[in-house]
>>> print(open('query01.cif').read())   # mmCIF, C-alpha atoms and all ligand atoms
data_upload
loop_
_atom_site.label_atom_id
_atom_site.label_comp_id
_atom_site.auth_asym_id
_atom_site.auth_seq_id
_atom_site.Cartn_x
_atom_site.Cartn_y
_atom_site.Cartn_z
CA MET A 1 5.37 108.60 85.74
CA ASP A 2 5.10 111.72 87.88
CA ILE A 3 7.58 114.55 87.57
CA PHE A 4 9.27 113.76 90.90
CA THR A 5 10.07 110.18 89.99
CA MET A 6 11.25 111.36 86.60
CA ILE A 7 13.68 113.81 88.22
CA PHE A 8 15.09 111.06 90.40
CA TRP A 9 15.52 108.81 87.40
CA VAL A 10 17.44 111.53 85.59
CA ILE A 11 19.67 112.30 88.60
CA THR A 12 20.39 108.61 89.15
CA LEU A 13 21.19 107.92 85.51
CA VAL A 14 23.47 110.95 85.21
CA TRP A 15 25.30 109.97 88.38
CA LEU A 16 25.55 106.40 87.08
CA GLY A 17 27.03 107.67 83.82
CA PHE A 18 29.71 109.65 85.64
CA SER A 19 30.39 106.78 87.99
CA LEU A 20 30.85 104.30 85.14
CA LYS A 21 33.19 106.67 83.37
CA LYS A 22 35.28 107.31 86.44
CA ASP A 23 35.61 103.78 87.78
CA LYS A 24 33.80 101.09 85.91
CA GLY A 25 34.93 98.16 88.06
CA LYS A 26 33.98 99.81 91.34
CA THR A 27 30.57 100.82 90.01
CA LEU A 28 29.67 97.41 88.65
CA LYS A 29 30.79 95.73 91.86
CA ALA A 30 28.62 98.04 93.95
CA ILE A 31 25.63 97.42 91.70
CA LYS A 32 26.09 93.68 91.93
CA MET A 33 26.12 93.89 95.72
CA SER A 34 23.02 95.97 96.16
CA GLY A 35 21.38 93.75 93.57
CA GLY A 36 22.08 90.81 95.86
CA MET A 37 20.57 92.70 98.80
CA MET A 38 17.47 93.48 96.76
CA LYS A 39 17.10 89.83 95.83
CA GLY A 40 17.12 89.06 99.55
CA ILE A 41 14.04 91.18 100.23
CA ALA A 42 12.26 90.63 96.90
CA GLY A 43 10.20 87.80 98.42
CA ASP A 44 8.99 90.00 101.29
CA ILE A 45 8.10 92.82 98.92
CA LEU A 46 6.07 90.53 96.67
CA GLY A 47 4.37 89.08 99.76
CA ILE A 48 3.33 92.53 101.00
CA LEU A 49 2.06 93.58 97.57
CA LEU A 50 -0.03 90.43 97.29
CA LEU A 51 -1.35 91.01 100.81
CA ILE A 52 -2.38 94.54 99.86
CA GLY A 53 -4.40 93.08 96.99
CA LEU A 54 -6.22 90.79 99.42
CA ILE A 55 -6.91 93.54 101.95
CA LEU A 56 -8.24 95.94 99.35
CA THR A 57 -10.51 93.28 97.88
CA PHE A 58 -11.89 91.89 101.12
CA VAL A 59 -12.02 94.98 103.32
CA PRO A 60 -14.25 97.55 101.66
CA PRO A 61 -12.89 101.14 101.66
CA ASP A 62 -15.84 102.22 103.80
CA THR A 63 -14.66 99.96 106.61
CA ILE A 64 -11.09 101.24 106.41
CA LYS A 65 -12.42 104.78 106.40
CA ALA A 66 -14.64 104.11 109.40
CA ILE A 67 -11.81 102.59 111.43
CA ILE A 68 -8.90 104.92 110.72
CA GLY A 69 -10.49 107.70 108.74
CA ASP A 70 -13.21 109.19 110.85
CA ALA A 71 -12.39 107.80 114.28
CA ASN A 72 -10.75 109.93 116.95
CA GLU A 73 -7.39 110.95 115.52
CA VAL A 74 -5.43 111.02 118.77
CA PHE A 75 -6.68 107.61 119.77
CA SER A 76 -5.94 106.00 116.41
CA ALA A 77 -2.54 107.73 116.30
CA VAL A 78 -1.57 106.18 119.66
CA LEU A 79 -2.83 102.81 118.52
CA PHE A 80 -0.89 102.91 115.27
CA ALA A 81 2.22 104.24 117.02
CA LEU A 82 2.08 101.19 119.30
CA LEU A 83 1.60 98.93 116.31
CA GLY A 84 4.61 100.52 114.60
CA SER A 85 6.76 100.06 117.70
CA ILE A 86 6.33 96.31 117.82
CA THR A 87 6.55 95.67 114.09
CA LEU A 88 9.89 94.98 112.50
CA ILE A 89 9.49 95.23 108.72
CA PRO A 90 11.67 97.28 106.41
CA ALA A 91 10.18 100.75 105.83
CA PHE A 92 10.69 100.07 102.17
CA VAL A 93 7.85 97.54 102.11
CA ALA A 94 5.72 99.57 104.53
CA PHE A 95 5.23 102.45 102.10
CA PRO A 96 3.03 100.64 99.56
CA LEU A 97 1.08 99.09 102.43
CA VAL A 98 0.21 102.40 104.10
CA ALA A 99 -0.32 104.06 100.72
CA SER A 100 -3.03 101.52 99.98
CA LEU A 101 -4.72 102.41 103.27
CA VAL A 102 -4.50 106.14 102.51
CA ASP A 103 -5.91 105.56 99.02
CA ALA A 104 -8.81 103.74 100.66
CA GLY A 105 -9.58 106.77 102.81
CA ALA A 106 -7.47 106.35 105.95
CA SER A 107 -6.47 109.53 107.77
CA ILE A 108 -2.77 110.39 107.50
CA VAL A 109 -2.34 111.01 111.23
CA PRO A 110 -2.26 107.35 112.33
CA ILE A 111 -0.32 106.50 109.17
CA VAL A 112 2.47 108.96 109.98
CA ALA A 113 2.56 107.77 113.58
CA PHE A 114 2.96 104.20 112.34
CA LEU A 115 5.69 105.04 109.82
CA THR A 116 7.71 106.99 112.36
CA THR A 117 7.60 104.52 115.23
CA LEU A 118 8.10 101.64 112.81
CA THR A 119 11.62 102.83 112.12
CA MET A 120 12.61 104.79 115.24
CA VAL A 121 11.17 102.80 118.12
CA GLY A 122 12.32 99.23 118.51
CA VAL A 123 10.60 97.04 121.08
CA VAL A 124 12.00 93.92 119.44
CA THR A 125 15.52 95.34 119.35
CA PHE A 126 15.25 96.84 122.86
CA PRO A 127 17.41 94.13 124.53
CA LEU A 128 20.17 94.60 121.97
CA GLU A 129 20.10 98.37 122.34
CA LYS A 130 20.13 98.06 126.12
CA ARG A 131 23.17 95.83 126.02
CA GLU A 132 25.11 98.32 123.90
CA PHE A 133 24.02 101.64 125.40
CA GLY A 134 22.55 100.84 128.81
CA LEU A 135 19.01 100.93 130.14
CA LYS A 136 18.75 104.66 130.74
CA PHE A 137 19.82 105.68 127.25
CA THR A 138 17.60 103.10 125.59
CA LEU A 139 14.52 103.97 127.63
CA ILE A 140 14.89 107.69 127.06
CA ARG A 141 15.63 107.41 123.35
CA ASN A 142 12.71 105.09 122.68
CA SER A 143 10.19 107.05 124.77
CA LEU A 144 11.26 110.31 123.18
CA SER A 145 10.94 108.78 119.72
CA PHE A 146 7.46 107.54 120.57
CA ALA A 147 6.36 110.92 121.87
CA PHE A 148 7.82 112.79 118.91
CA ALA A 149 6.19 110.35 116.49
CA LEU A 150 2.80 111.40 117.91
CA VAL A 151 3.73 115.09 117.74
CA ILE A 152 4.89 114.75 114.12
CA ALA A 153 1.76 112.83 113.20
CA LEU A 154 -0.62 115.36 114.75
CA ALA A 155 1.33 118.26 113.25
CA MET A 156 1.09 116.69 109.81
CA GLY A 157 -2.64 116.28 110.26
CA VAL A 158 -2.85 120.03 110.81
CA ILE A 159 -0.47 121.02 108.00
CA LEU A 160 -1.68 118.74 105.21
CA MET B 1 13.89 69.61 96.50
CA THR B 2 16.32 71.01 99.05
CA PHE B 3 16.40 74.17 96.96
CA LEU B 4 12.62 74.42 97.21
CA LYS B 5 12.77 73.78 100.93
CA SER B 6 15.32 76.51 101.58
CA GLN B 7 13.34 78.89 99.37
CA LEU B 8 10.24 78.20 101.44
CA LYS B 9 12.15 78.76 104.64
CA ASN B 10 13.66 82.01 103.44
CA ASN B 11 10.35 83.33 102.17
CA ARG B 12 8.03 82.24 104.91
CA PHE B 13 5.91 85.35 104.65
CA LEU B 14 5.46 85.04 100.89
CA THR B 15 4.56 81.38 101.30
CA ILE B 16 1.80 82.19 103.79
CA VAL B 17 0.36 84.86 101.52
CA ILE B 18 0.41 82.49 98.53
CA LEU B 19 -1.41 79.87 100.62
CA ALA B 20 -4.00 82.52 101.45
CA TYR B 21 -4.45 83.10 97.72
CA VAL B 22 -4.94 79.38 97.15
CA ALA B 23 -7.63 79.42 99.85
CA VAL B 24 -9.30 82.41 98.22
CA GLY B 25 -9.21 80.63 94.86
CA ILE B 26 -11.02 77.66 96.38
CA PHE B 27 -13.50 79.32 98.71
CA ALA B 28 -14.14 82.69 97.09
CA PRO B 29 -13.10 82.32 93.46
CA ASP B 30 -14.87 85.52 92.44
CA LYS B 31 -12.44 87.51 94.64
CA PHE B 32 -9.30 85.90 93.27
CA LEU B 33 -8.81 87.99 90.13
CA PRO B 34 -9.79 91.31 91.76
CA SER B 35 -7.15 90.67 94.46
CA LEU B 36 -4.51 90.07 91.84
CA GLY B 37 -5.72 93.13 89.97
CA ASN B 38 -5.35 95.33 93.05
CA THR B 39 -1.89 93.93 93.61
CA TRP B 40 -0.87 94.61 90.03
CA TYR B 41 -1.29 98.35 90.44
CA TYR B 42 1.22 98.41 93.31
CA VAL B 43 3.57 96.00 91.54
CA LYS B 44 3.74 98.44 88.63
CA GLU B 45 4.57 101.33 90.98
CA MET B 46 7.24 99.23 92.66
CA LEU B 47 8.84 98.30 89.35
CA ILE B 48 9.17 101.96 88.42
CA ILE B 49 10.90 102.77 91.69
CA MET B 50 13.01 99.64 92.36
CA PRO B 51 15.75 100.22 89.76
CA ILE B 52 16.45 103.74 91.05
CA ILE B 53 16.55 102.54 94.63
CA MET B 54 18.98 99.82 93.71
CA LEU B 55 21.23 102.06 91.61
CA LEU B 56 21.21 104.90 94.14
CA THR B 57 22.07 102.55 96.99
CA SER B 58 25.05 101.23 95.02
CA LEU B 59 26.21 104.69 93.96
CA ILE B 60 26.04 105.94 97.53
CA SER B 61 27.96 102.96 98.85
CA ALA B 62 30.59 103.39 96.13
CA TRP B 63 31.14 107.14 96.32
CA VAL B 64 30.15 108.51 99.72
CA PRO B 65 33.30 108.39 101.84
CA LYS B 66 31.83 106.90 105.01
CA GLU B 67 35.24 106.39 106.60
CA THR B 68 36.03 110.08 106.22
CA ILE B 69 32.78 111.05 107.89
CA GLU B 70 33.38 108.56 110.70
CA ASN B 71 36.90 109.79 111.27
CA ALA B 72 35.74 113.38 111.40
CA PHE B 73 33.81 112.58 114.56
CA GLY B 74 36.54 112.36 117.11
CA LYS B 75 37.57 115.90 116.30
CA ASN B 76 34.24 117.59 115.75
CA SER B 77 31.59 118.19 118.31
CA GLY B 78 28.93 120.88 118.40
CA ILE B 79 26.99 121.83 115.31
CA LYS B 80 29.54 120.41 112.90
CA GLY B 81 29.58 117.03 114.62
CA SER B 82 25.78 116.93 114.56
CA LEU B 83 25.75 117.62 110.85
CA PHE B 84 28.23 114.83 110.24
CA ALA B 85 26.07 112.55 112.37
CA PHE B 86 23.06 113.50 110.28
CA LEU B 87 24.90 112.81 107.02
CA LEU B 88 26.28 109.50 108.21
CA GLY B 89 22.83 108.28 109.24
CA SER B 90 21.23 109.47 106.01
CA PHE B 91 23.72 107.72 103.77
CA SER B 92 23.83 104.39 105.56
CA ALA B 93 21.89 101.30 104.64
CA GLY B 94 20.21 98.67 106.75
CA PRO B 95 17.84 98.53 109.72
CA ILE B 96 18.43 100.45 112.95
CA TYR B 97 20.11 97.60 114.79
CA ALA B 98 22.86 97.60 112.18
CA ALA B 99 23.72 101.04 113.53
CA PHE B 100 24.38 99.84 117.11
CA PRO B 101 27.89 98.45 116.57
CA VAL B 102 28.81 101.43 114.38
CA CYS B 103 27.66 103.87 117.07
CA LYS B 104 29.49 101.92 119.74
CA MET B 105 32.67 102.29 117.73
CA LEU B 106 32.05 106.03 117.30
CA LEU B 107 31.43 106.44 121.03
CA SER B 108 34.84 105.00 121.73
CA LYS B 109 36.24 107.54 119.27
CA GLY B 110 34.70 110.33 121.32
CA ALA B 111 31.33 111.00 119.71
CA SER B 112 28.84 112.73 122.02
CA ILE B 113 25.58 111.25 123.30
CA ALA B 114 23.55 113.78 121.34
CA ASN B 115 25.29 112.80 118.13
CA ILE B 116 24.77 109.11 118.77
CA VAL B 117 21.02 109.74 119.12
CA ILE B 118 21.14 111.73 115.89
CA ILE B 119 22.89 108.94 114.01
CA LEU B 120 20.57 106.25 115.35
CA SER B 121 17.46 108.23 114.48
CA THR B 122 18.53 109.42 111.04
CA TRP B 123 19.78 105.93 110.29
CA ALA B 124 16.29 104.72 111.11
CA VAL B 125 14.05 107.27 109.39
CA ILE B 126 15.96 109.40 106.94
CA LYS B 127 17.42 107.60 103.98
CA ILE B 128 17.67 109.03 100.52
CA PRO B 129 16.30 105.94 98.72
CA MET B 130 13.52 105.69 101.33
CA LEU B 131 12.51 109.28 100.75
CA ILE B 132 12.12 108.56 97.05
CA THR B 133 9.94 105.54 97.79
CA GLU B 134 7.87 107.61 100.21
CA SER B 135 7.33 110.43 97.72
CA LYS B 136 6.36 107.90 95.06
CA PHE B 137 3.69 106.23 97.15
CA LEU B 138 2.46 109.04 99.40
CA GLY B 139 3.26 112.12 97.36
CA PRO B 140 6.17 114.59 97.38
CA GLU B 141 4.37 117.01 99.68
CA PHE B 142 3.82 114.33 102.32
CA MET B 143 7.47 113.29 102.10
CA VAL B 144 8.89 116.81 102.39
CA VAL B 145 6.71 117.83 105.33
CA ARG B 146 7.45 114.61 107.21
CA TRP B 147 11.15 114.97 106.48
CA LEU B 148 11.25 118.54 107.85
CA LEU B 149 9.31 117.67 111.00
CA THR B 150 11.35 114.54 111.60
CA THR B 151 14.66 116.34 111.13
CA LEU B 152 13.61 118.95 113.66
CA ALA B 153 12.49 116.25 116.09
CA ILE B 154 15.78 114.36 115.73
CA PHE B 155 17.93 117.35 116.70
CA LEU B 156 15.63 118.09 119.64
CA MET B 157 15.82 114.46 120.76
CA GLY B 158 19.60 114.52 120.60
CA TYR B 159 19.68 117.61 122.78
CA ILE B 160 17.14 116.33 125.31
CA THR B 161 18.79 112.93 125.62
CA SER B 162 22.20 114.50 126.24
CA ARG B 163 20.69 116.48 129.13
CA PHE B 164 19.56 113.31 130.86
CA VAL B 165 22.14 110.71 129.90
CA LYS B 166 25.80 111.24 130.70
CA PRO B 167 28.65 109.25 129.14
CA GLU B 168 29.16 107.47 132.49
CA ASP B 169 25.69 105.93 132.13
CA LEU B 170 26.74 103.87 129.14
CA PRO B 171 28.27 100.42 129.53
CA THR B 172 31.95 100.47 128.74
CA ASP B 173 32.71 97.04 127.34
CA ASP B 174 33.13 97.62 123.67
CA GLU B 175 33.99 94.15 122.47
CA THR B 176 30.76 93.24 120.74
CA ALA B 177 32.06 90.12 119.06
CA THR B 178 31.71 86.93 121.00
CA ALA B 179 35.02 85.46 122.05
CA VAL B 180 36.20 82.59 119.91
CA ASP B 181 39.50 80.87 119.49
CA GLY B 182 40.43 81.98 116.02
CA PRO B 183 41.33 85.01 114.02
CA LEU B 184 37.77 85.58 112.79
CA ALA B 185 34.69 86.45 114.83
CA LEU B 186 31.34 88.00 114.24
CA ASN B 187 28.37 88.76 116.41
CA SER B 188 25.43 87.48 114.42
CA ASP B 189 22.90 89.40 116.57
CA TYR B 190 23.65 92.44 114.46
CA CYS B 191 23.97 90.71 111.13
CA VAL B 192 21.44 92.18 108.72
CA GLY B 193 21.70 89.16 106.49
CA CYS B 194 22.87 91.05 103.43
CA GLY B 195 25.17 88.21 102.41
CA LEU B 196 28.02 90.47 101.35
CA CYS B 197 30.62 88.65 103.42
CA ALA B 198 29.62 85.27 101.99
CA LYS B 199 29.80 86.72 98.50
CA ILE B 200 33.18 88.36 98.98
CA ALA B 201 34.88 85.59 100.95
CA PRO B 202 32.81 82.44 100.42
CA SER B 203 35.42 80.13 101.90
CA TYR B 204 35.17 81.85 105.32
CA PHE B 205 31.58 82.99 105.68
CA LYS B 206 28.35 81.23 104.99
CA MET B 207 24.74 82.35 105.31
CA ILE B 208 22.80 80.06 107.62
CA ALA B 209 19.12 80.93 108.10
CA LYS B 210 19.71 84.51 106.90
CA LYS B 211 22.59 85.13 109.33
CA ALA B 212 26.27 84.95 108.56
CA SER B 213 28.53 82.41 110.26
CA VAL B 214 32.27 81.85 110.22
CA ILE B 215 32.91 78.45 108.70
CA ASN B 216 36.66 78.41 108.47
CA GLN B 217 39.31 79.69 110.86
CA THR B 218 42.39 78.49 109.04
CA LEU B 219 44.00 81.21 107.00
CA PRO B 220 46.37 80.69 104.11
CA PRO B 221 49.57 82.72 104.34
CA GLY B 222 49.30 86.03 102.56
CA ASP B 223 47.26 89.21 102.77
CA ASN B 224 43.81 87.64 103.05
CA LEU B 225 42.48 90.50 100.98
CA ALA B 226 39.05 88.94 100.59
CA ILE B 227 38.55 88.85 104.36
CA LYS B 228 39.72 92.43 104.75
CA ASP B 229 37.35 93.48 102.01
CA ALA B 230 34.47 91.71 103.77
CA VAL B 231 35.37 93.41 107.07
CA ALA B 232 35.27 96.80 105.36
CA LYS B 233 32.07 96.19 103.42
CA CYS B 234 29.94 94.67 106.18
CA PRO B 235 27.17 97.26 106.69
CA SER B 236 27.00 96.72 110.44
CA GLN B 237 30.76 96.41 110.84
CA ILE B 238 30.56 93.31 112.99
CA ILE B 239 33.30 91.18 111.51
CA ARG B 240 36.42 91.11 113.70
CA PHE B 241 39.66 89.99 112.13
CA HIS B 242 42.82 89.57 114.19
CA PRO B 243 45.32 87.50 112.24
S1 LIG C 1 28.36 91.40 105.62
FE1 LIG C 1 27.95 89.37 106.44
S2 LIG C 1 28.08 89.64 108.66
FE2 LIG C 1 27.89 91.68 107.80
S3 LIG C 1 25.70 92.06 107.88
FE3 LIG C 1 26.12 91.26 105.82
S4 LIG C 1 25.76 89.05 106.03
FE4 LIG C 1 25.93 89.87 108.12
#
>>> encode(input="query01.cif", output="structure tokens")
Amino acid sequence: MDIFTMIFWVITLVWLGFSLKKDKGKTLKAIKMSGGMMKGIAGDILGILLLIGLILTFVPPDTIKAIIGDANEVFSAVLFALLGSITLIPAFVAFPLVASLVDAGASIVPIVAFLTTLTMVGVVTFPLEKREFGLKFTLIRNSLSFAFALVIALAMGVIL
Amino acid sequence: MTFLKSQLKNNRFLTIVILAYVAVGIFAPDKFLPSLGNTWYYVKEMLIIMPIIMLLTSLISAWVPKETIENAFGKNSGIKGSLFAFLLGSFSAGPIYAAFPVCKMLLSKGASIANIVIILSTWAVIKIPMLITESKFLGPEFMVVRWLLTTLAIFLMGYITSRFVKPEDLPTDDETATAVDGPLALNSDYCVGCGLCAKIAPSYFKMIAKKASVINQTLPPGDNLAIKDAVAKCPSQIIRFHP
């Protein structure tokens, strides 16, 4: 276990201890509820993890590297940003998926673009957003998010 | 049998992947075990992180006073309002569309356009449990740099959007629930399928194909505490209750 995860474990357990001491009923109820939510997405998580196994076995790292490692970064960032905009999966299950690509040699620029648009830009939820906030708001918010996702991705490529 | 059927329906994605594994086992048996082996590594990582995510999510929902933050909106604009918006988004659970009804409610309480953009965006990308997952799989450095850049981008986006979109541009109807003839209503478009309502008040709500439905409109006399609890706990705040 790396030091970061360890720190989070400690923080969580200490907080849990305090919480149990202060209001046991409330704490246990909250845990039961988020446990139920977890159960709801457990199937999807397992599915993604199994899919990762297949991808890593069938697609050799060299191919992954050639496609999103060495190719033009701006082009692949735009492509992955588009992909992220139309996908609607919880970010929670996206992390292991993109991590497996990075481990196989993918560049982080398209990966960051994907992660950011995945959560901030919603093509699938566009009609819902439009109904609540109007066309102008929705268009501007989504286009800005898309543009900033590219900026963040390229900036991260420079920094890291 | 019906149990199996509903499990298959609820886990369509998992079912497809398992079928793919069966196909691999038949047509490329030498790849079957390596695939499982590759999966195992990520399963182990997930198992280390899952309990913290679950516990943290519960602790946040139990102790972070979301109502207080929401109520602070009407009065605070400017920097303070934006910070509240940022906090509210960071401590909420659920996908971005769960934030729509919440934001709509805040708009009617006087929240500014910039702050609505900030809530929507932080709700989408910045979540404490998510950050932990990200740092686990992609490294702490990656997580911190992306968090800083994203935070900066979110405040900029709020500012830019408020320059272009004025409050008059937003539709005014704020009744998101579909009209029904009964005391209970919910707009299932925004249901995130968490199942809380069905768990808290099983005689009124039922999960049908991962969305909640009202199954009973007749209320017994009394406080109907279970229903009120469900209304308060629903992460997208879509349950309407007018006794
Ligand atoms: S509490 Fe019920 S209505 Fe609200 S999101 Fe969860 S399942 Fe849907």
>>> closest_atom_pairs(input="query01.cif", of="chain A", to="ligand LIG 1 (chain C)", cutoff="12 Å", atoms="all atoms listed in the file", output="Markdown table")
| residue | atom | partner | partner_atom | distance |
| --- | --- | --- | --- | --- |
| A:Met33 | CA | C:LIG1 | FE3 | 10.4 |
| A:Ser34 | CA | C:LIG1 | FE3 | 11.2 |
| A:Gly36 | CA | C:LIG1 | FE3 | 10.8 |
| A:Met37 | CA | C:LIG1 | FE3 | 9.1 |
| A:Gly40 | CA | C:LIG1 | S4 | 10.8 |
>>> atom_distance(input="query01.cif", atom1="CA of Pro61 (chain A)", atom2="CA of Ala104 (chain A)")
4.9 Å
>>> residues_near_point(input="query01.cif", point="(21.1, 99.3, 110.8)", cutoff="8 Å", atoms="all atoms listed in the file", output="short mmCIF file (atom, residue, chain, number, x, y, z; two decimals) with C-alpha atoms, keeping the file's coordinate frame")
data_model
loop_
_atom_site.label_atom_id
_atom_site.label_comp_id
_atom_site.auth_asym_id
_atom_site.auth_seq_id
_atom_site.Cartn_x
_atom_site.Cartn_y
_atom_site.Cartn_z
CA SER B 92 23.83 104.39 105.56
CA ALA B 93 21.89 101.30 104.64
CA GLY B 94 20.21 98.67 106.75
CA PRO B 95 17.84 98.53 109.72
CA ILE B 96 18.43 100.45 112.95
CA TYR B 97 20.11 97.60 114.79
CA ALA B 98 22.86 97.60 112.18
CA ALA B 99 23.72 101.04 113.53
CA PHE B 100 24.38 99.84 117.11
CA TRP B 123 19.78 105.93 110.29
CA ALA B 124 16.29 104.72 111.11
CA VAL B 192 21.44 92.18 108.72
CA PRO B 235 27.17 97.26 106.69
CA SER B 236 27.00 96.72 110.44
#
>>> closest_residue(input="query01.cif", among="B:Ser203, B:Thr151, B:Ser121, B:Ser112", to="Thr218 (chain B)", atoms="only C-alpha atoms")
B:Ser203
>>> residues_near_point(input="query01.cif", point="(1.3, 81.7, 99.8)", cutoff="12 Å", atoms="all atoms listed in the file", output="list in words")
Gly43, Asp44, Leu46, Gly47, Ile48, Leu50, Leu51 and Leu54 of chain A; Leu8, Asn11, Arg12, Phe13, Leu14, Thr15, Ile16, Val17, Ile18, Leu19, Ala20, Tyr21, Val22, Ala23, Val24 and Gly25 of chain B
>>> residues_around(input="query01.cif", residues="Gly193 (chain B)", least_positions_apart="6", cutoff="8 Å", atoms="only C-alpha atoms", output="ChimeraX atom specification")
/B:207,210-212
>>> atom_distance(input="query01.cif", atom1="CA of Asn115 (chain B)", atom2="CA of Phe86 (chain B)")
8.2 Å
>>> residues_around(input="query01.cif", residues="Arg131 (chain A)", least_positions_apart="3", cutoff="10 Å", atoms="all atoms listed in the file", output="ChimeraX atom specification")
/A:126-128,134-135,138 /B:100,170-171,173,176
>>> write_last_selection(input="query01.cif", atoms="C-alpha atoms", output="CSV table (one decimal), in the coordinates of the input")
chain,number,residue,atom,x,y,z
A,126,PHE,CA,15.2,96.8,122.9
A,127,PRO,CA,17.4,94.1,124.5
A,128,LEU,CA,20.2,94.6,122.0
A,134,GLY,CA,22.6,100.8,128.8
A,135,LEU,CA,19.0,100.9,130.1
A,138,THR,CA,17.6,103.1,125.6
B,100,PHE,CA,24.4,99.8,117.1
B,170,LEU,CA,26.7,103.9,129.1
B,171,PRO,CA,28.3,100.4,129.5
B,173,ASP,CA,32.7,97.0,127.3
B,176,THR,CA,30.8,93.2,120.7
>>> residues_around(input="query01.cif", residues="Leu55 (chain B)", least_positions_apart="4", cutoff="10 Å", atoms="all atoms listed in the file", output="PyMOL selection string")
(chain A and resi 9+12-13+15-16+27+30-32+34-35) or (chain B and resi 50-51+59-61+129)
>>> interface_residues(input="query01.cif", of="chain B", to="chain A", cutoff="7 Å", atoms="only C-alpha atoms", output="count of residues only")
41
>>> atom_distance(input="query01.cif", atom1="CA of Pro29 (chain B)", atom2="CA of Val59 (chain A)")
16.1 Å
>>> residues_around(input="query01.cif", residues="Val78 (chain A)", least_positions_apart="5", cutoff="9 Å", atoms="all atoms listed in the file", output="number ranges by chain")
A: 73, 83, 110, 113-114, 150
>>> decode(input="query01.cif", residues="region 153-157 of chain B", atoms="all heavy atoms", output="CSV table (one decimal), in the first residue's frame")
chain,number,residue,atom,x,y,z
B,153,ALA,N,-9.9,26.3,-13.7
B,153,ALA,CA,-10.8,26.3,-14.9
B,153,ALA,C,-12.2,26.5,-14.5
B,153,ALA,O,-13.0,27.3,-15.2
B,153,ALA,CB,-10.6,25.0,-15.7
B,154,ILE,N,-12.6,25.9,-13.4
B,154,ILE,CA,-14.0,26.0,-13.0
B,154,ILE,C,-14.4,27.4,-12.6
B,154,ILE,O,-15.4,28.0,-13.0
B,154,ILE,CB,-14.3,25.0,-11.8
B,154,ILE,CG1,-14.3,23.6,-12.4
B,154,ILE,CG2,-15.6,25.4,-11.1
B,154,ILE,CD1,-14.5,22.6,-11.3
B,155,PHE,N,-13.5,28.1,-11.9
B,155,PHE,CA,-13.8,29.5,-11.5
B,155,PHE,C,-13.8,30.4,-12.7
B,155,PHE,O,-14.7,31.3,-12.9
B,155,PHE,CB,-12.8,30.0,-10.4
B,155,PHE,CG,-13.2,29.5,-9.1
B,155,PHE,CD1,-12.4,28.5,-8.5
B,155,PHE,CD2,-14.2,29.9,-8.3
B,155,PHE,CE1,-12.7,27.9,-7.2
B,155,PHE,CE2,-14.6,29.4,-7.1
B,155,PHE,CZ,-13.8,28.4,-6.5
B,156,LEU,N,-12.9,30.2,-13.6
B,156,LEU,CA,-12.9,30.9,-14.9
B,156,LEU,C,-14.2,30.7,-15.7
B,156,LEU,O,-14.8,31.6,-16.2
B,156,LEU,CB,-11.7,30.5,-15.8
B,156,LEU,CG,-10.4,31.2,-15.5
B,156,LEU,CD1,-9.3,30.6,-16.3
B,156,LEU,CD2,-10.5,32.7,-15.7
B,157,MET,N,-14.6,29.4,-15.7
B,157,MET,CA,-15.8,29.1,-16.5
B,157,MET,C,-17.1,29.8,-15.9
B,157,MET,O,-17.9,30.3,-16.6
B,157,MET,CB,-16.0,27.6,-16.5
B,157,MET,CG,-15.2,26.9,-17.6
B,157,MET,SD,-15.2,25.2,-17.4
B,157,MET,CE,-16.9,24.8,-17.1
